[in-house]
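Source file: run24.tsv; contents: TSV, C-alpha atoms.
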chain	number	residue	atom	x	y	z
A	1	MET	CA	-35.00	-93.51	-96.41
A	2	CYS	CA	-34.32	-96.42	-98.77
A	3	ILE	CA	-37.81	-97.85	-98.24
A	4	ASN	CA	-39.33	-94.38	-98.63
A	5	ALA	CA	-37.36	-93.73	-101.83
A	6	VAL	CA	-38.77	-96.85	-103.50
A	7	VAL	CA	-42.22	-97.48	-101.99
A	8	GLY	CA	-44.06	-94.53	-103.48
A	9	SER	CA	-46.94	-95.06	-105.84
A	10	GLY	CA	-45.80	-98.46	-107.06
A	11	VAL	CA	-47.42	-100.57	-104.41
A	12	PHE	CA	-50.66	-98.55	-104.49
A	13	LEU	CA	-51.19	-97.97	-108.23
A	14	LEU	CA	-48.91	-100.14	-110.37
A	15	PRO	CA	-50.54	-103.51	-109.52
A	16	THR	CA	-53.32	-102.51	-111.91
A	17	GLU	CA	-50.84	-101.58	-114.65
A	18	SER	CA	-48.94	-104.86	-114.27
A	19	TYR	CA	-52.23	-106.81	-114.34
A	20	LYS	CA	-53.23	-105.07	-117.57
A	21	LEU	CA	-49.90	-106.10	-119.08
A	22	LEU	CA	-49.51	-109.63	-117.71
A	23	GLY	CA	-52.96	-110.70	-116.51
A	24	PRO	CA	-53.10	-113.23	-113.62
A	25	PHE	CA	-49.37	-113.94	-114.10
A	26	SER	CA	-48.75	-110.44	-112.68
A	27	LEU	CA	-48.93	-112.11	-109.26
A	28	TRP	CA	-45.31	-113.17	-109.84
A	29	ALA	CA	-44.15	-109.90	-111.38
A	30	PRO	CA	-42.83	-108.32	-108.14
A	31	LEU	CA	-40.79	-111.45	-107.38
A	32	LEU	CA	-39.66	-112.06	-110.97
A	33	PHE	CA	-38.37	-108.54	-111.57
A	34	ALA	CA	-36.84	-108.29	-108.09
A	35	VAL	CA	-34.01	-110.55	-109.29
A	36	PRO	CA	-32.48	-108.17	-111.89
A	37	VAL	CA	-33.19	-105.22	-109.61
A	38	PHE	CA	-31.23	-106.85	-106.78
A	39	ILE	CA	-28.28	-107.34	-109.14
A	40	LEU	CA	-28.34	-103.60	-109.84
A	41	VAL	CA	-28.64	-102.86	-106.12
A	42	LEU	CA	-25.54	-104.96	-105.42
A	43	CYS	CA	-23.58	-102.83	-107.90
A	44	PHE	CA	-24.77	-99.61	-106.28
A	45	ALA	CA	-23.99	-100.97	-102.82
A	46	GLU	CA	-20.42	-101.69	-103.85
A	47	ALA	CA	-19.96	-98.36	-105.64
A	48	SER	CA	-21.34	-96.40	-102.68
A	49	SER	CA	-18.89	-98.03	-100.28
A	50	HIS	CA	-15.99	-96.12	-101.87
A	51	PHE	CA	-17.27	-92.57	-101.33
A	52	SER	CA	-18.32	-90.17	-98.61
A	53	GLU	CA	-18.96	-87.29	-101.02
A	54	PRO	CA	-22.38	-86.39	-102.52
A	55	GLY	CA	-23.26	-87.20	-106.11
A	56	GLY	CA	-24.25	-90.86	-106.26
A	57	ALA	CA	-24.11	-92.36	-109.76
A	58	TYR	CA	-22.76	-89.08	-111.15
A	59	LEU	CA	-19.75	-89.37	-108.84
A	60	TYR	CA	-19.24	-93.07	-109.57
A	61	ALA	CA	-19.33	-92.61	-113.37
A	62	ARG	CA	-17.18	-89.46	-113.35
A	63	THR	CA	-14.50	-91.15	-111.22
A	64	ALA	CA	-14.39	-94.22	-113.44
A	65	PHE	CA	-14.92	-92.76	-116.93
A	66	GLY	CA	-14.22	-89.03	-116.81
A	67	ASP	CA	-16.15	-85.77	-116.72
A	68	PHE	CA	-18.35	-86.17	-119.82
A	69	VAL	CA	-19.71	-89.64	-119.00
A	70	GLY	CA	-20.15	-88.54	-115.39
A	71	PHE	CA	-22.09	-85.44	-116.42
A	72	GLU	CA	-24.36	-87.39	-118.76
A	73	THR	CA	-25.01	-89.95	-116.01
A	74	GLY	CA	-25.84	-87.23	-113.49
A	75	TRP	CA	-27.95	-85.39	-116.06
A	76	MET	CA	-30.06	-88.48	-116.82
A	77	ASN	CA	-30.38	-89.16	-113.09
A	78	TRP	CA	-31.76	-85.65	-112.65
A	79	ILE	CA	-34.20	-86.19	-115.56
A	80	ALA	CA	-35.36	-89.36	-113.84
A	81	ARG	CA	-35.99	-87.44	-110.60
A	82	LEU	CA	-37.90	-84.75	-112.50
A	83	THR	CA	-40.20	-87.21	-114.21
A	84	SER	CA	-40.60	-89.24	-111.01
A	85	LEU	CA	-41.71	-86.17	-109.06
A	86	ALA	CA	-44.06	-85.24	-111.90
A	87	SER	CA	-45.46	-88.78	-112.15
A	88	LEU	CA	-46.09	-89.19	-108.44
A	89	SER	CA	-47.70	-85.75	-108.28
A	90	ASN	CA	-50.22	-87.05	-110.81
A	91	GLY	CA	-50.57	-90.25	-108.80
A	92	PHE	CA	-51.29	-88.11	-105.74
A	93	VAL	CA	-54.23	-86.54	-107.57
A	94	VAL	CA	-55.48	-89.94	-108.79
A	95	SER	CA	-55.56	-91.26	-105.22
A	96	LEU	CA	-57.14	-88.11	-103.82
A	97	ALA	CA	-59.82	-88.25	-106.52
A	98	LEU	CA	-61.00	-91.55	-105.01
A	99	LEU	CA	-62.21	-89.50	-102.02
A	100	PHE	CA	-63.08	-86.29	-103.90
A	101	PRO	CA	-63.78	-87.06	-107.58
A	102	ALA	CA	-64.00	-83.38	-108.55
A	103	VAL	CA	-60.26	-82.82	-107.93
A	104	GLY	CA	-59.19	-85.25	-110.64
A	105	THR	CA	-59.49	-82.82	-113.55
A	106	GLY	CA	-59.31	-79.15	-114.49
A	107	ALA	CA	-58.36	-76.34	-112.17
A	108	PRO	CA	-58.54	-78.44	-108.95
A	109	ARG	CA	-56.01	-80.89	-110.41
A	110	THR	CA	-53.68	-78.04	-111.34
A	111	ALA	CA	-53.99	-76.45	-107.90
A	112	ILE	CA	-53.27	-79.72	-106.06
A	113	ILE	CA	-50.24	-80.56	-108.19
A	114	LEU	CA	-48.75	-77.09	-107.81
A	115	GLY	CA	-49.67	-76.83	-104.13
A	116	SER	CA	-48.23	-80.21	-103.12
A	117	ILE	CA	-44.95	-79.53	-104.92
A	118	ALA	CA	-44.71	-76.00	-103.47
A	119	ILE	CA	-45.18	-77.27	-99.90
A	120	LEU	CA	-42.38	-79.82	-100.29
A	121	ALA	CA	-40.13	-77.18	-101.85
A	122	ALA	CA	-40.72	-74.87	-98.88
A	123	ILE	CA	-39.86	-77.64	-96.40
A	124	HIS	CA	-36.58	-78.43	-98.13
A	125	LEU	CA	-35.63	-74.79	-98.62
A	126	VAL	CA	-35.41	-74.13	-94.87
A	127	GLY	CA	-33.00	-76.97	-94.06
A	128	VAL	CA	-32.10	-80.59	-94.73
A	129	ARG	CA	-33.14	-81.67	-91.22
A	130	TYR	CA	-36.74	-80.61	-91.92
A	131	GLY	CA	-36.76	-82.41	-95.26
A	132	ALA	CA	-35.38	-85.57	-93.65
A	133	ALA	CA	-37.94	-85.34	-90.84
A	134	SER	CA	-40.77	-85.15	-93.38
A	135	ILE	CA	-39.43	-88.30	-95.04
A	136	TYR	CA	-39.41	-90.23	-91.75
A	137	VAL	CA	-42.97	-89.15	-90.88
A	138	PHE	CA	-44.34	-90.00	-94.33
A	139	THR	CA	-42.57	-93.39	-94.36
A	140	PHE	CA	-44.21	-94.58	-91.14
A	141	GLY	CA	-47.51	-93.04	-92.25
A	142	LYS	CA	-47.63	-95.19	-95.38
A	143	LEU	CA	-46.21	-98.44	-93.98
A	144	ILE	CA	-48.69	-98.83	-91.13
A	145	PRO	CA	-51.89	-98.96	-93.26
A	146	LEU	CA	-50.12	-100.91	-96.00
A	147	VAL	CA	-48.91	-103.65	-93.66
A	148	GLY	CA	-52.34	-103.70	-92.02
A	149	PHE	CA	-54.00	-104.25	-95.40
A	150	ILE	CA	-51.59	-107.06	-96.28
A	151	LEU	CA	-52.29	-108.88	-93.01
A	152	LEU	CA	-56.05	-108.48	-93.38
A	153	ALA	CA	-56.11	-109.60	-97.02
A	154	LEU	CA	-53.97	-112.66	-96.35
A	155	ILE	CA	-56.01	-113.66	-93.30
A	156	THR	CA	-59.36	-113.41	-95.11
A	157	PHE	CA	-57.97	-114.62	-98.49
A	158	ARG	CA	-61.30	-114.51	-100.31
A	159	HIS	CA	-59.98	-115.77	-103.64
A	160	ASN	CA	-56.94	-117.88	-104.45
A	161	PRO	CA	-55.17	-116.25	-107.43
A	162	ILE	CA	-52.29	-118.75	-107.51
A	163	PRO	CA	-53.81	-121.42	-109.85
A	164	ALA	CA	-54.65	-118.87	-112.56
A	165	SER	CA	-51.24	-117.21	-112.17
A	166	MET	CA	-49.39	-120.40	-113.11
A	167	HIS	CA	-50.12	-119.85	-116.82
A	168	LEU	CA	-47.87	-117.59	-118.87
A	169	PRO	CA	-49.53	-114.72	-120.76
A	170	GLY	CA	-50.33	-115.38	-124.40
A	171	PRO	CA	-48.66	-114.08	-127.59
A	172	GLY	CA	-48.48	-110.32	-127.95
A	173	THR	CA	-47.72	-109.73	-124.26
A	174	ASP	CA	-45.77	-106.51	-123.75
A	175	TRP	CA	-42.97	-107.92	-121.62
A	176	ASN	CA	-40.80	-104.86	-122.22
A	177	GLY	CA	-43.53	-102.56	-120.95
A	178	ALA	CA	-44.02	-104.77	-117.91
A	179	ALA	CA	-40.29	-104.72	-117.19
A	180	LEU	CA	-40.16	-100.92	-117.35
A	181	PHE	CA	-43.20	-100.52	-115.11
A	182	MET	CA	-41.79	-102.87	-112.51
A	183	LEU	CA	-38.43	-101.12	-112.82
A	184	PHE	CA	-40.22	-97.88	-111.95
A	185	ALA	CA	-41.86	-99.62	-108.97
A	186	TYR	CA	-38.44	-100.66	-107.63
A	187	ALA	CA	-36.58	-97.53	-108.72
A	188	GLY	CA	-35.30	-94.95	-106.27
A	189	PHE	CA	-32.54	-96.95	-104.58
A	190	GLU	CA	-30.00	-95.40	-106.98
A	191	ASN	CA	-30.50	-91.98	-105.41
A	192	MET	CA	-29.48	-92.95	-101.89
A	193	GLY	CA	-25.89	-91.90	-102.60
A	194	VAL	CA	-26.77	-88.45	-103.96
A	195	PRO	CA	-26.89	-86.69	-100.54
A	196	ALA	CA	-24.15	-88.94	-99.09
A	197	GLY	CA	-22.19	-85.92	-97.87
A	198	GLU	CA	-25.00	-85.26	-95.38
A	199	PHE	CA	-24.97	-88.81	-93.92
A	200	LYS	CA	-22.94	-89.73	-90.85
A	201	ASN	CA	-21.08	-92.77	-92.20
A	202	PRO	CA	-22.10	-93.33	-95.85
A	203	ARG	CA	-19.33	-95.77	-96.80
A	204	LYS	CA	-20.47	-98.20	-94.12
A	205	ASP	CA	-24.19	-97.51	-93.83
A	206	LEU	CA	-25.24	-97.07	-97.46
A	207	PRO	CA	-24.44	-100.62	-98.67
A	208	SER	CA	-26.28	-102.27	-95.77
A	209	ALA	CA	-29.24	-99.89	-96.12
A	210	LEU	CA	-29.51	-100.64	-99.84
A	211	LEU	CA	-29.39	-104.41	-99.42
A	212	ALA	CA	-31.69	-104.70	-96.40
A	213	GLY	CA	-34.08	-102.09	-97.77
A	214	THR	CA	-34.44	-103.84	-101.13
A	215	VAL	CA	-35.23	-107.20	-99.52
A	216	ALA	CA	-37.89	-105.55	-97.33
A	217	ILE	CA	-39.37	-103.72	-100.34
A	218	ALA	CA	-39.57	-106.91	-102.41
A	219	ALA	CA	-41.43	-108.64	-99.58
A	220	ILE	CA	-43.89	-105.75	-99.29
A	221	TYR	CA	-44.56	-105.73	-103.05
A	222	VAL	CA	-45.04	-109.50	-103.31
A	223	PHE	CA	-47.51	-109.70	-100.43
A	224	ALA	CA	-49.34	-106.54	-101.46
A	225	GLN	CA	-49.87	-107.95	-104.96
A	226	LEU	CA	-51.06	-111.26	-103.51
A	227	GLY	CA	-53.40	-109.49	-101.10
A	228	ALA	CA	-54.89	-107.26	-103.79
A	229	MET	CA	-55.46	-110.14	-106.21
A	230	SER	CA	-57.03	-112.27	-103.48
A	231	ALA	CA	-59.53	-109.49	-102.75
A	232	ILE	CA	-60.19	-108.45	-106.38
A	233	PRO	CA	-59.73	-111.20	-108.98
A	234	ASP	CA	-59.62	-108.72	-111.90
A	235	LEU	CA	-57.42	-105.74	-111.01
A	236	SER	CA	-57.79	-104.22	-114.48
A	237	LYS	CA	-61.20	-102.82	-113.47
A	238	THR	CA	-59.83	-100.32	-110.94
A	239	ASN	CA	-57.27	-97.51	-111.01
A	240	THR	CA	-56.72	-97.73	-107.24
A	241	PRO	CA	-56.20	-101.46	-106.61
A	242	ILE	CA	-55.11	-101.45	-102.97
A	243	ALA	CA	-57.74	-98.95	-101.86
A	244	THR	CA	-60.49	-100.76	-103.81
A	245	ALA	CA	-59.37	-104.10	-102.35
A	246	ALA	CA	-59.46	-102.68	-98.84
A	247	ALA	CA	-62.97	-101.33	-99.48
A	248	SER	CA	-64.13	-104.78	-100.60
A	249	LEU	CA	-62.80	-106.27	-97.36
A	250	ILE	CA	-63.96	-103.81	-94.68
A	251	GLY	CA	-66.05	-101.23	-96.53
A	252	PRO	CA	-65.51	-97.49	-97.17
A	253	ILE	CA	-63.37	-97.05	-94.07
A	254	GLY	CA	-60.81	-99.41	-95.61
A	255	ALA	CA	-60.61	-97.35	-98.79
A	256	LEU	CA	-60.23	-94.20	-96.70
A	257	ILE	CA	-57.36	-95.60	-94.62
A	258	ILE	CA	-55.49	-96.95	-97.63
A	259	THR	CA	-56.04	-93.75	-99.62
A	260	ILE	CA	-54.56	-91.72	-96.78
A	261	GLY	CA	-51.64	-94.14	-96.70
A	262	ALA	CA	-51.21	-93.80	-100.47
A	263	LEU	CA	-51.25	-90.01	-100.22
A	264	LEU	CA	-48.63	-90.10	-97.46
A	265	SER	CA	-46.62	-92.59	-99.49
A	266	MET	CA	-46.44	-90.44	-102.59
A	267	ALA	CA	-45.86	-87.29	-100.54
A	268	GLY	CA	-42.97	-89.01	-98.76
A	269	THR	CA	-41.39	-90.27	-101.97
A	270	ASN	CA	-41.83	-86.84	-103.55
A	271	SER	CA	-40.13	-85.28	-100.53
A	272	GLY	CA	-37.17	-87.60	-101.04
A	273	THR	CA	-37.20	-86.78	-104.74
A	274	VAL	CA	-36.99	-83.07	-104.03
A	275	LEU	CA	-34.03	-83.71	-101.70
A	276	GLU	CA	-32.17	-86.08	-104.02
A	277	GLY	CA	-33.02	-84.42	-107.34
A	278	SER	CA	-32.02	-80.93	-106.22
A	279	ARG	CA	-28.75	-82.29	-104.78
A	280	MET	CA	-27.97	-83.99	-108.07
A	281	LEU	CA	-28.45	-80.73	-109.95
A	282	TYR	CA	-26.34	-78.99	-107.30
A	283	ALA	CA	-23.60	-81.63	-107.62
A	284	LEU	CA	-23.52	-81.11	-111.40
A	285	SER	CA	-23.12	-77.37	-110.93
A	286	LEU	CA	-20.13	-77.78	-108.60
A	287	ASP	CA	-17.91	-78.98	-111.44
A	288	ARG	CA	-19.35	-76.85	-114.27
A	289	ARG	CA	-20.15	-73.18	-114.58
A	290	MET	CA	-23.97	-73.28	-114.53
A	291	GLY	CA	-24.79	-69.82	-113.26
A	292	PRO	CA	-26.31	-69.51	-109.79
A	293	VAL	CA	-27.32	-73.21	-109.55
A	294	SER	CA	-24.56	-73.89	-107.02
A	295	TYR	CA	-25.65	-71.05	-104.71
A	296	VAL	CA	-26.16	-72.15	-101.08
A	297	HIS	CA	-28.30	-70.05	-98.76
A	298	PRO	CA	-26.06	-68.62	-96.00
A	299	LYS	CA	-28.60	-69.28	-93.23
A	300	PHE	CA	-30.44	-72.45	-94.28
A	301	ARG	CA	-27.35	-74.06	-95.90
A	302	THR	CA	-29.50	-75.47	-98.70
A	303	PRO	CA	-29.01	-75.13	-102.50
A	304	ILE	CA	-32.11	-72.99	-102.92
A	305	VAL	CA	-31.62	-72.23	-106.63
A	306	ALA	CA	-31.22	-75.92	-107.47
A	307	ILE	CA	-34.33	-76.72	-105.41
A	308	LEU	CA	-36.41	-74.05	-107.14
A	309	ILE	CA	-35.30	-75.13	-110.61
A	310	HIS	CA	-36.00	-78.79	-109.81
A	311	VAL	CA	-39.54	-78.26	-108.52
A	312	SER	CA	-40.45	-75.70	-111.20
A	313	VAL	CA	-39.50	-77.96	-114.11
A	314	ALA	CA	-41.12	-80.97	-112.41
A	315	ALA	CA	-44.36	-79.03	-111.95
A	316	THR	CA	-44.39	-78.21	-115.66
A	317	PHE	CA	-43.94	-81.89	-116.56
A	318	ALA	CA	-46.64	-82.89	-114.06
A	319	LEU	CA	-49.25	-80.56	-115.54
A	320	ALA	CA	-48.50	-81.71	-119.08
A	321	GLY	CA	-48.35	-85.48	-118.52
A	322	SER	CA	-50.07	-88.43	-116.90
A	323	PHE	CA	-48.95	-90.85	-114.20
A	324	ALA	CA	-48.31	-93.83	-116.50
A	325	LYS	CA	-46.47	-91.94	-119.26
A	326	LEU	CA	-44.27	-90.02	-116.84
A	327	ALA	CA	-43.54	-93.20	-114.87
A	328	MET	CA	-42.34	-94.84	-118.08
A	329	LEU	CA	-40.11	-91.87	-118.97
A	330	SER	CA	-38.66	-91.89	-115.46
A	331	ALA	CA	-37.78	-95.57	-115.80
A	332	VAL	CA	-36.16	-94.95	-119.20
A	333	ALA	CA	-34.02	-92.09	-117.86
A	334	ARG	CA	-32.70	-94.28	-115.05
A	335	LEU	CA	-31.18	-96.81	-117.44
A	336	THR	CA	-28.12	-94.64	-118.10
A	337	THR	CA	-27.59	-94.34	-114.34
A	338	TYR	CA	-27.74	-98.12	-113.94
A	339	LEU	CA	-25.54	-98.85	-116.93
A	340	PHE	CA	-22.58	-96.65	-116.04
A	341	THR	CA	-22.67	-97.45	-112.33
A	342	CYS	CA	-22.53	-101.19	-112.99
A	343	ALA	CA	-19.75	-100.72	-115.55
A	344	ALA	CA	-17.82	-98.48	-113.13
A	345	VAL	CA	-17.63	-101.03	-110.29
A	346	PRO	CA	-14.44	-102.85	-111.45
A	347	ARG	CA	-12.58	-99.53	-111.79
A	348	LEU	CA	-13.81	-98.22	-108.46
A	349	ARG	CA	-12.37	-101.26	-106.69
A	350	LYS	CA	-8.92	-99.72	-107.17
A	351	LEU	CA	-9.77	-96.75	-104.95
A	352	ASN	CA	-9.96	-98.35	-101.51
A	353	GLU	CA	-11.37	-101.25	-99.56
A	354	GLY	CA	-15.12	-101.44	-99.28
A	355	PHE	CA	-18.13	-103.69	-99.77
A	356	ARG	CA	-17.28	-106.34	-102.39
A	357	THR	CA	-19.37	-108.62	-104.56
A	358	PRO	CA	-17.59	-111.84	-105.62
A	359	GLY	CA	-15.47	-111.50	-108.75
A	360	LEU	CA	-16.83	-109.66	-111.79
A	361	ILE	CA	-20.05	-111.64	-112.20
A	362	ILE	CA	-22.35	-109.07	-110.56
A	363	PRO	CA	-21.00	-106.00	-112.44
A	364	ILE	CA	-21.18	-107.93	-115.71
A	365	LEU	CA	-24.74	-109.10	-115.04
A	366	GLY	CA	-25.76	-105.59	-113.98
A	367	THR	CA	-24.32	-104.13	-117.18
A	368	LEU	CA	-26.09	-106.76	-119.29
A	369	VAL	CA	-29.40	-106.15	-117.49
A	370	SER	CA	-29.09	-102.40	-118.13
A	371	LEU	CA	-28.17	-102.90	-121.81
A	372	GLY	CA	-30.98	-105.41	-122.26
A	373	LEU	CA	-33.54	-102.96	-120.89
A	374	PHE	CA	-32.11	-100.10	-122.95
A	375	PHE	CA	-32.21	-101.94	-126.27
A	376	SER	CA	-35.69	-103.29	-125.58
A	377	LEU	CA	-37.17	-99.77	-125.56
A	378	ASN	CA	-39.86	-98.94	-128.07
A	379	LEU	CA	-39.17	-96.20	-130.62
A	380	PHE	CA	-40.79	-93.39	-128.61
A	381	ASN	CA	-38.87	-94.14	-125.42
A	382	PHE	CA	-35.62	-94.68	-127.32
A	383	VAL	CA	-35.99	-91.31	-129.06
A	384	ALA	CA	-36.89	-89.62	-125.75
A	385	ALA	CA	-33.73	-91.03	-124.14
A	386	ALA	CA	-31.60	-89.96	-127.11
A	387	ILE	CA	-32.99	-86.41	-127.01
A	388	ALA	CA	-32.32	-86.15	-123.27
A	389	LEU	CA	-28.72	-87.37	-123.74
A	390	CYS	CA	-28.14	-84.90	-126.60
A	391	LEU	CA	-29.53	-82.04	-124.52
A	392	GLY	CA	-27.19	-83.01	-121.70
A	393	ALA	CA	-24.25	-83.02	-124.13
A	394	VAL	CA	-25.16	-79.51	-125.31
A	395	ILE	CA	-25.29	-78.21	-121.73
A	396	TYR	CA	-21.98	-79.89	-120.98
A	397	ALA	CA	-20.36	-78.27	-124.02
A	398	ALA	CA	-21.84	-74.85	-123.21
A	399	SER	CA	-20.68	-74.86	-119.58
A	400	ARG	CA	-17.04	-74.52	-118.61
A	401	PRO	CA	-15.45	-76.53	-115.82
A	402	HIS	CA	-14.59	-74.57	-112.69
A	403	ALA	CA	-11.00	-75.77	-112.95
A	404	ALA	CA	-10.61	-73.89	-116.22
A	405	VAL	CA	-11.80	-70.70	-114.56
A	406	VAL	CA	-9.22	-71.06	-111.76
A	407	THR	CA	-6.47	-71.62	-114.34
A	408	ASP	CA	-7.44	-68.48	-116.29
A	409	ARG	CA	-7.32	-66.37	-113.14
A	410	ALA	CA	-3.94	-67.80	-112.20
Written as structure tokens, how would this file's structure read?
Amino acid sequence: MCINAVVGSGVFLLPTESYKLLGPFSLWAPLLFAVPVFILVLCFAEASSHFSEPGGAYLYARTAFGDFVGFETGWMNWIARLTSLASLSNGFVVSLALLFPAVGTGAPRTAIILGSIAILAAIHLVGVRYGAASIYVFTFGKLIPLVGFILLALITFRHNPIPASMHLPGPGTDWNGAALFMLFAYAGFENMGVPAGEFKNPRKDLPSALLAGTVAIAAIYVFAQLGAMSAIPDLSKTNTPIATAAASLIGPIGALIITIGALLSMAGTNSGTVLEGSRMLYALSLDRRMGPVSYVHPKFRTPIVAILIHVSVAATFALAGSFAKLAMLSAVARLTTYLFTCAAVPRLRKLNEGFRTPGLIIPILGTLVSLGLFFSLNLFNFVAAAIALCLGAVIYAASRPHAAVVTDRA
């Protein structure tokens, strides 16, 4: 589930975006940006080892800093899941359009976006076991063709991109944009703790899954980027780099196999996003009076109202935006989640024994990485983050905590 949560569209579509931003040096982008990401993962691994309850970063921040900070953290995490689902739904159409160009615009695009989201919603409405099963199937479906492409590209190795990649990009390079795009490519690990209450042994299994999964993901990204650049020297000329690279190696059948893998990849990540995003919204509603959001179906035992709200708002975002813009907004929304989780780690250590990073160096570095990314935002992204935080504060103020209701009745 960790690999599925992260390896969505990033490995299939973002190599082109990183190449546009960094040129040949983008060969090193997956490895370079894996370092700060792994620092963040270490903080989440430690935080997750203290809890068996659902909520993820929302739970960590609320325990360490109180209800308001916790709510804002959970709220921004939910916004990130919304925009991620919307972004990958657009990426799904982009990949499908490689096979059927007519579906990339107009009414066909609308129908595919709405249809793909509706199918995932239906799967998750009828029970968590069916949603989890879909994630497992999609994960294997995307890894098999992806690993096959990597092996083929590295064996043939038509072009050597390493010499050109040894030169740093020139002045005017958008390093901040590159960092946010690569953050989106690695993002998703922070949501592993959201449905923790439905795992068998989350305090033990989540830290190891996060660490091992992130190492495996970094290896996949590095070799996929190398394979794509060895097959196509200039990735900026294609919107589907892995599929186009496969086509250049073995013809149309290669593009077909990779496109199917990309479709399964994004469908799998979207399935995980529906699971994790709806559970985050549900977790927020458990502590605040937010109408019927906390309703659980008596037969399916799923938060059907939270699921329906999550997919409906995501579908609206998907129809109104594009893959790249929504991916950027998703990365921006995650920064609050990263910041407060890293800052919470020292306080959470007082709860019980669990996974430990040495001293305070990792939480401090994680906090600095999060702050550095946050203050490097351009004006549009900074304003978007501020508006989202203000909207969350309004909802927090308008909703009453359940504890207050119990006190009134008493």
### Message
So that I can check the surroundings of Lys20 of chain A, please list as a PyMOL selection string every protein, DNA and RNA residue that reaches within 10 Å of it, counting all atoms listed in the file and ignoring chain neighbours fewer than 2 positions away.
### Response
chain A and resi 14-18+22-24+26+173-174+178+234-237
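Atom to atom, atom CA of Thr336 of chain A and atom CA of Leu88 of chain A stand 21.1 Å apart.
Ranking A:Ala398, A:Met229, A:Ala122, A:Ile364 by their shortest atom-to-atom distance to Ser165 of chain A, with only C-alpha atoms included, puts A:Met229 first.
If you look at atom CA of Pro145 of chain A and atom CA of Asn239 of chain A, they are 18.6 Å away from each other.
Counting from atom CA of Gly277 of chain A, the distance to atom CA of Leu82 of chain A is 7.1 Å.
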### Query
Of the residues A:Ala397, A:Ala306, A:Ile113, A:Ala386, which is the one nearest to Gly321 of chain A, using all atoms listed in the file?
A:Ile113
### Query
Pick from A:Leu264, A:Leu85, A:Ala255, A:Ile362: nearest to Val137 of chain A, with all atoms listed in the file counted?
A:Leu264
### Task
Write out as number ranges by chain which residues come within 8 Å of segment 27-44 of chain A when counting all atoms listed in the file, dropping same-chain ones fewer than 2 positions away.
A: 18, 24-25, 46-48, 161-162, 165, 179, 182-183, 186, 189-190, 207, 210-211, 214, 218, 221-222, 225-226, 229, 338, 341-342, 345, 357, 362-363, 365-366, 369
### Task
Compile the contact shell of Ser265 of chain A as a PyMOL selection string: residues with an atom at most 12 Å away, counting all atoms listed in the file, same-chain residues fewer than 6 positions apart removed.
chain A and resi 3-13+88-89+91-92+95+134-146+258-259+271-272
How big is the axis-aligned box, and where does its centre sit, when it encloses all atoms of segment 51-59 of chain A listed in the file and has 5 Å added on every side, reported in Å to one decimal as AutoDock Vina command-line options?
--center_x -20.8 --center_y -89.5 --center_z -104.9 --size_x 17.0 --size_y 16.2 --size_z 22.5
### Query
Within 9 Å of Met280 of chain A, counting all atoms listed in the file, which residues qualify if same-chain residues fewer than 4 places away don't, as a VMD selection string?
chain A and resid 54 to 56 58 74 to 75 77 to 78 191 194 to 195 275 to 276 284 to 285 306
### Task
Just the residues within 12 Å of Ala393 of chain A, please, counting all atoms listed in the file, with nothing from its chain fewer than 4 positions along; format it as a ChimeraX atom specification.
/A:67-76,386-389,397-399
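Protein, DNA and RNA residues at most 10 Å from (-10.3, -95.1, -103.5), with all atoms listed in the file, are these: A:Ser49, A:His50, A:Phe51, A:Thr63, A:Arg347, A:Leu348, A:Arg349, A:Lys350, A:Leu351, A:Asn352, A:Glu353, A:Gly354.
The closest residue to Phe375 of chain A, picked from A:Leu256, A:Ala327, A:Leu339, A:Val313 and counting only C-alpha atoms, is A:Leu339.
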### Task
Could you check which of A:Ala153, A:Ala132, A:Ala107, A:Ala164 is closest to Gly254 of chain A, using only C-alpha atoms?
A:Ala153
### Query
For Ala331 of chain A, which residue among A:Val274, A:Ile79, A:Ala231, A:Ile304 is the nearest when counting only C-alpha atoms?
A:Ile79
